[in-house]
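Engineer: Pasting a structure here, questions to come.
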Amino acid sequence: MNPFDPGSEEHAAWERQEQIEAAPPRRRLVLTPAANIEPEPVVWAWEDDPAGLTPNSGRIPLGSLSVAAGREGTGKSSFGIWLAARITRGDLPGALDGQPRAVVYAAVEDSWKHTLVPRLIAAGADLTRVYRVEVVEDEQYGVTLSLPTDNSLLERELKKLQAALLVLDPLMSTIGAGIDTHRERDVRVALDPLARLADRARCVVLGIAHFNKGAGTDPSSLITGSGAFKNVPRSVFGFAVDPEGDRVMTQTKNSLGRLDLPSLSYQIEGTEVPTKLGPAHVGRLVWLGFSERSVTEILSDRGDADDQGDRLDAVEWLRAYLADNGGEAPAVDVFKAGDKDGFSKDALKRAKRKAGVLSEKTGMDAGWMWRLKPAEGSEGSEGSKGADGEGLAPFALPSEPDDAKGAPKGAPSRGLRSSLPSLPSLPSQGAGPADDPDSEQEWSG
């Protein structure tokens with residue numbers, strides 16, 4: 001019963017409260033017993049060991065948000081191209097093997113005709129399954145994708161195509177203009193719905209990110225912007241160029257799998273792609289095998305004068321130690337002996353190449369073996385080596401057959417896979433823009 005006189009302020013307030021309580025709530029709690037939720041194993045879009053010899057060796061879960069981050073020129077965008085090519089051909093080791101799927105690509109900084117399409121061809125992608133995504137607004141064509149504003153449009157197209165991969169390059173440029181990318185709460189407004197979108201569409205969302213100018217050594221913490229860029233994704237990959245040799249990719253976050261997966265070594269090789277107007281020169285990512293050095297170790301290198309002197313001492317010690325042990329020894333034994341003589345593990349790793357030492361790993365869970373490189377012309381001086389002379393272990397990534405339709409000679413095709421030592425290499429086009437594979441102007445001739 002109304003306790004107030006009609007027309008009074010108290011009566012009006014009472015009526016408003018009655019209306020609020022009578023209206024259906026916009027927000028409500030839903031409680032579900034855990035017993036009603038059916039457990040499922042993780043489905044891996046990319047699995048290092050598809051044969052199942054190493055338990056839980058997946059790197060990217062299907063239906064998840066993933067981030068690839070590094071400084072300019074490390075090849076993180078080339079990784080996105082490689083992943084897209086493998087998915088369109090159906091030869092990515094994991095749940096998508098043998099199932100060619102569509103890829104949606106949002107590239108904000110690079111030219112499609114000058115950079116992306118030639119790179120996709122060089123990587124052996126099926127171009128009929130790769131889709132450029134742009135937004136049309138009020139008859140204005142080519143507006144940049146904006147998250148989370150365009151999430152519903154994006155999800156509808158991903159499901160229509162049954163796409164298995166969405167690449168956002170760079171991820172930061174697709175975040176809505178009203179979001180402060182340095183505040184975690186703000187960034188989560190864009191990334192949390194994106195992660196849920198990936199799950200509903202059963203699609204991998206790969207965001208390409210840059211490192212900030214900081215001097216830290218944790219790759220995940222160096223990602224430009226708020227901590228949400230490393231906290232929300234299920235998997236994070238760091239990329240770096242090792243001054244001692246090749247480029248390196250390290251998985252720095254793997255929420256649903258193992259965090260001790262080995263780092264991978266790769267190169268960006270120059271490739272010539274024929275076009276109607278003449279050849280286009282681009283770089284493509286070529287995996288070399290496991291890397292004994294991680295991105296964290298590379299970022300930790302000081303490279304100052306004292307460090308150079310220490311390295312020379314470590315080189316001489318390492319050569320002598322291996323020679324005294326018949327020319328080879330398990331890396332763990334080298335580190336123990338070096339520590340007793342005042343050489344850190346990192347110092348010995350940095351000295352390894354200059355000392356002419358090869359390292360080999362026979363499996364994902366096996367230890368490393370260090371051995372002195374045979375002298376030129378001696379027996380055993382030839383063998384399975386990468387471009388830097390490193391021994392390469394068997395590695396569950398696609399090999400590079402020569403039957404890719406529409407791809408340049410030596411580009412990877414669908415379905416064939418072998419151990420890395422049999423991987424042929426395209427002839428290098430020489431030093432140049434391939435050193436900066438994230439630049440739109442690379443190999444512009």
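So you can find residues: chains in the structure tokens are A, B, ... in the order shown, residues in each start at 1, and ligands are numbered from 1 in order.
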DSSP on the backbone: which residues in segment 96-200 of chain A end up as strand (DSSP E)? Give the answer as a PyMOL selection string.
Structural biologist: chain A and resi 103-107+130-132+135-137+140-143+165-169
Engineer: Using the selection just defined, write its residues with N, CA and C atoms as an mmCIF file, in the first residue's frame.
Structural biologist:
```
data_model
loop_
_atom_site.group_PDB
_atom_site.id
_atom_site.type_symbol
_atom_site.label_atom_id
_atom_site.label_comp_id
_atom_site.auth_asym_id
_atom_site.auth_seq_id
_atom_site.Cartn_x
_atom_site.Cartn_y
_atom_site.Cartn_z
ATOM 1 N N VAL A 103 41.667 -18.782 -43.725
ATOM 2 C CA VAL A 103 42.373 -17.859 -42.844
ATOM 3 C C VAL A 103 41.878 -16.447 -43.143
ATOM 4 N N VAL A 104 41.578 -15.690 -42.107
ATOM 5 C CA VAL A 104 41.192 -14.287 -42.250
ATOM 6 C C VAL A 104 42.347 -13.440 -41.731
ATOM 7 N N TYR A 105 42.767 -12.465 -42.528
ATOM 8 C CA TYR A 105 43.988 -11.707 -42.225
ATOM 9 C C TYR A 105 43.680 -10.216 -42.179
ATOM 10 N N ALA A 106 43.923 -9.601 -41.028
ATOM 11 C CA ALA A 106 43.762 -8.152 -40.872
ATOM 12 C C ALA A 106 45.144 -7.544 -40.742
ATOM 13 N N ALA A 107 45.650 -6.971 -41.821
ATOM 14 C CA ALA A 107 46.978 -6.350 -41.836
ATOM 15 C C ALA A 107 46.808 -4.839 -41.934
ATOM 16 N N VAL A 130 42.754 -17.556 -48.242
ATOM 17 C CA VAL A 130 43.187 -16.428 -47.420
ATOM 18 C C VAL A 130 42.319 -15.221 -47.753
ATOM 19 N N TYR A 131 41.750 -14.585 -46.728
ATOM 20 C CA TYR A 131 40.815 -13.474 -46.943
ATOM 21 C C TYR A 131 41.319 -12.208 -46.240
ATOM 22 N N ARG A 132 41.432 -11.132 -47.014
ATOM 23 C CA ARG A 132 41.717 -9.824 -46.423
ATOM 24 C C ARG A 132 40.444 -9.307 -45.778
ATOM 25 N N VAL A 135 36.681 -3.080 -43.128
ATOM 26 C CA VAL A 135 35.369 -2.670 -42.659
ATOM 27 C C VAL A 135 34.836 -1.554 -43.548
ATOM 28 N N VAL A 136 33.571 -1.674 -43.932
ATOM 29 C CA VAL A 136 32.900 -0.623 -44.710
ATOM 30 C C VAL A 136 31.938 0.103 -43.774
ATOM 31 N N GLU A 137 32.074 1.419 -43.691
ATOM 32 C CA GLU A 137 31.234 2.213 -42.792
ATOM 33 C C GLU A 137 30.718 3.443 -43.531
ATOM 34 N N GLN A 140 32.175 4.365 -46.695
ATOM 35 C CA GLN A 140 33.618 4.588 -46.650
ATOM 36 C C GLN A 140 34.307 3.236 -46.627
ATOM 37 N N TYR A 141 35.090 2.945 -47.649
ATOM 38 C CA TYR A 141 35.674 1.617 -47.802
ATOM 39 C C TYR A 141 37.041 1.529 -47.124
ATOM 40 N N GLY A 142 37.286 0.403 -46.516
ATOM 41 C CA GLY A 142 38.615 0.145 -45.981
ATOM 42 C C GLY A 142 38.897 0.762 -44.631
ATOM 43 N N VAL A 143 37.888 0.906 -43.782
ATOM 44 C CA VAL A 143 38.115 1.384 -42.423
ATOM 45 C C VAL A 143 38.780 0.273 -41.611
ATOM 46 N N LEU A 165 41.983 -19.659 -38.515
ATOM 47 C CA LEU A 165 42.982 -18.682 -38.063
ATOM 48 C C LEU A 165 42.536 -17.273 -38.421
ATOM 49 N N LEU A 166 42.656 -16.371 -37.448
ATOM 50 C CA LEU A 166 42.492 -14.937 -37.662
ATOM 51 C C LEU A 166 43.795 -14.286 -37.234
ATOM 52 N N VAL A 167 44.443 -13.563 -38.139
ATOM 53 C CA VAL A 167 45.696 -12.870 -37.829
ATOM 54 C C VAL A 167 45.413 -11.377 -37.727
ATOM 55 N N LEU A 168 45.834 -10.772 -36.617
ATOM 56 C CA LEU A 168 45.682 -9.333 -36.389
ATOM 57 C C LEU A 168 47.091 -8.737 -36.318
ATOM 58 N N ASP A 169 47.500 -8.039 -37.373
ATOM 59 C CA ASP A 169 48.878 -7.575 -37.496
ATOM 60 C C ASP A 169 48.927 -6.071 -37.833
#
```
Engineer: Between A:Glu360, A:Asp365, A:Glu38, A:Asp246, which residue has the minimum interatomic distance to Thr74 of chain A, considering only C-alpha atoms?
Structural biologist: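 Under the stated criterion, the closest residue is A:Asp246.
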Engineer: Quick one: residues within 6 Å of Gly283 of chain A, only C-alpha atoms counted, chain neighbours fewer than 6 positions away excluded, as a list in words?
Structural biologist: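 Surrounding residues, per the criterion: Ile268, Glu269, Gly270, Thr271 and Ala434 of chain A.
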Engineer: Env of Leu153 of chain A: 12 Å cut, atoms = only C-alpha atoms, seq-sep filter 5 positions within chain, self excluded. Answer as a list of chain:residue names.
Structural biologist: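 Listed by chain and then number, they are A:Val133, A:Glu134, A:Val135, A:Val136, A:Leu145, A:Ser146, A:Leu147, A:Pro148, A:Leu158, A:Lys159, A:Lys160, A:Leu197.
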Engineer: Mind checking which residues fall within 12 Å of Lys276 of chain A, counting only C-alpha atoms, ignoring those fewer than 4 positions away in the same chain, and posting them as a list in words?
Structural biologist: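 Once the nearby chain positions are removed, what remains is Lys113, Pro118 and Ala280 of chain A.
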Engineer: Neighbours of Pro243 of chain A within 12 Å (only C-alpha atoms; same-chain residues fewer than 5 positions away dropped), as JSON, numbers by chain?
Structural biologist: {"A": [74, 248, 293, 295, 297, 298, 299, 300, 301, 302, 303, 349, 350, 351, 353, 354]}
Engineer: Keeping only N, CA and C atoms, write the selected residues to a file as a short mmCIF file (atom, residue, chain, number, x, y, z; two decimals), in the first residue's frame.
Structural biologist:
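The file below, selection19.cif, is the result:
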```
data_model
loop_
_atom_site.label_atom_id
_atom_site.label_comp_id
_atom_site.auth_asym_id
_atom_site.auth_seq_id
_atom_site.Cartn_x
_atom_site.Cartn_y
_atom_site.Cartn_z
N THR A 74 62.49 -9.03 -36.36
CA THR A 74 62.79 -10.36 -35.84
C THR A 74 62.06 -11.47 -36.59
N VAL A 248 65.60 -16.75 -33.10
CA VAL A 248 65.09 -17.72 -32.13
C VAL A 248 63.66 -17.35 -31.74
N ARG A 293 69.66 -21.81 -27.27
CA ARG A 293 69.53 -20.47 -26.67
C ARG A 293 68.07 -20.05 -26.69
N VAL A 295 65.05 -16.86 -26.09
CA VAL A 295 64.92 -15.42 -26.29
C VAL A 295 65.33 -14.68 -25.02
N GLU A 297 67.61 -15.52 -22.86
CA GLU A 297 69.07 -15.49 -22.80
C GLU A 297 69.64 -14.47 -23.78
N ILE A 298 69.04 -14.38 -24.95
CA ILE A 298 69.50 -13.41 -25.95
C ILE A 298 69.31 -11.99 -25.42
N LEU A 299 68.15 -11.73 -24.82
CA LEU A 299 67.88 -10.40 -24.28
C LEU A 299 68.77 -10.07 -23.09
N SER A 300 69.32 -11.10 -22.45
CA SER A 300 70.18 -10.89 -21.27
C SER A 300 71.61 -10.54 -21.64
N ASP A 301 72.00 -10.76 -22.89
CA ASP A 301 73.38 -10.50 -23.30
C ASP A 301 73.71 -9.01 -23.14
N ARG A 302 74.83 -8.72 -22.47
CA ARG A 302 75.25 -7.33 -22.31
C ARG A 302 76.02 -6.85 -23.53
N GLY A 303 76.97 -7.67 -23.99
CA GLY A 303 77.74 -7.30 -25.17
C GLY A 303 78.74 -6.18 -24.92
N LYS A 349 77.49 -20.71 -23.33
CA LYS A 349 76.62 -20.75 -24.50
C LYS A 349 77.01 -19.70 -25.53
N ARG A 350 77.37 -18.50 -25.03
CA ARG A 350 77.78 -17.45 -25.96
C ARG A 350 79.11 -17.77 -26.63
N ALA A 351 79.96 -18.53 -25.93
CA ALA A 351 81.28 -18.86 -26.48
C ALA A 351 81.24 -20.03 -27.45
N ARG A 353 79.77 -20.89 -30.31
CA ARG A 353 79.95 -20.75 -31.76
C ARG A 353 81.39 -20.36 -32.11
N LYS A 354 81.93 -19.39 -31.38
CA LYS A 354 83.30 -18.96 -31.67
C LYS A 354 84.30 -20.08 -31.39
#
```
Engineer: Which residues are close to Arg258 of chain A, i.e. within 12 Å by only C-alpha atoms, leaving aside same-chain residues fewer than 4 positions away? Reply as a list of chain:residue names.
Structural biologist: A:Glu47, A:Asp48, A:Thr54, A:Pro55, A:Asn56, A:Ser57, A:Gly58, A:Arg59, A:Ile60, A:Pro61, A:Arg234, A:Ser235, A:Gln251, A:Thr252, A:Lys253, A:Asn254, A:Pro262, A:Met364, A:Asp365
Engineer: Output N, CA and C atoms for every residue in that selection, as a compact mmCIF listing (two decimals), in the first residue's frame.
Structural biologist:
```txt
# COMPACT_ATOMS: atom_id res chain seq x y z
N GLU A 47 50.88 -28.68 -32.89
CA GLU A 47 51.49 -29.61 -31.95
C GLU A 47 52.86 -29.99 -32.47
N ASP A 48 53.86 -29.84 -31.61
CA ASP A 48 55.24 -30.14 -32.02
C ASP A 48 55.46 -31.62 -32.29
N THR A 54 55.87 -37.46 -27.30
CA THR A 54 56.10 -36.61 -26.14
C THR A 54 54.76 -36.09 -25.65
N PRO A 55 54.35 -36.43 -24.43
CA PRO A 55 53.03 -36.02 -23.94
C PRO A 55 52.87 -34.51 -23.89
N ASN A 56 51.68 -34.05 -24.28
CA ASN A 56 51.29 -32.65 -24.12
C ASN A 56 52.32 -31.69 -24.72
N SER A 57 52.63 -31.88 -25.99
CA SER A 57 53.65 -31.06 -26.64
C SER A 57 53.04 -29.97 -27.52
N GLY A 58 51.77 -29.63 -27.29
CA GLY A 58 51.12 -28.62 -28.10
C GLY A 58 51.61 -27.22 -27.79
N ARG A 59 51.54 -26.36 -28.80
CA ARG A 59 51.98 -24.97 -28.65
C ARG A 59 50.81 -23.98 -28.73
N ILE A 60 49.86 -24.20 -29.65
CA ILE A 60 48.73 -23.28 -29.80
C ILE A 60 47.43 -24.08 -29.73
N PRO A 61 46.58 -23.82 -28.72
CA PRO A 61 45.30 -24.53 -28.64
C PRO A 61 44.33 -23.99 -29.70
N ARG A 234 46.25 -17.37 -24.24
CA ARG A 234 46.60 -18.68 -23.70
C ARG A 234 48.03 -19.05 -24.06
N SER A 235 48.58 -18.47 -25.13
CA SER A 235 49.96 -18.77 -25.52
C SER A 235 50.63 -17.49 -26.01
N GLN A 251 58.61 -20.04 -26.59
CA GLN A 251 57.26 -19.95 -26.05
C GLN A 251 57.37 -19.54 -24.59
N THR A 252 56.89 -18.33 -24.28
CA THR A 252 57.02 -17.79 -22.93
C THR A 252 55.76 -17.97 -22.11
N LYS A 253 54.67 -18.41 -22.74
CA LYS A 253 53.44 -18.72 -22.01
C LYS A 253 52.72 -19.84 -22.74
N ASN A 254 52.25 -20.82 -21.99
CA ASN A 254 51.50 -21.94 -22.56
C ASN A 254 50.54 -22.43 -21.48
N PRO A 262 61.07 -26.77 -26.11
CA PRO A 262 62.33 -26.15 -26.54
C PRO A 262 62.10 -24.96 -27.45
N MET A 364 62.82 -34.08 -28.16
CA MET A 364 62.32 -32.94 -27.41
C MET A 364 62.71 -33.01 -25.94
N ASP A 365 62.73 -34.20 -25.36
CA ASP A 365 63.05 -34.34 -23.94
C ASP A 365 64.48 -34.81 -23.71
```
Engineer: With only C-alpha atoms as the basis for distance, which of A:Thr296, A:Thr250, A:Thr181, A:Gln19 is at the shortest distance from Val67 of chain A?
Structural biologist: A:Thr250
Engineer: For Leu259 of chain A, which residue out of A:Val357, A:Val236, A:Ser173, A:Leu277 is the nearest one, using only C-alpha atoms?
Structural biologist: A:Val236
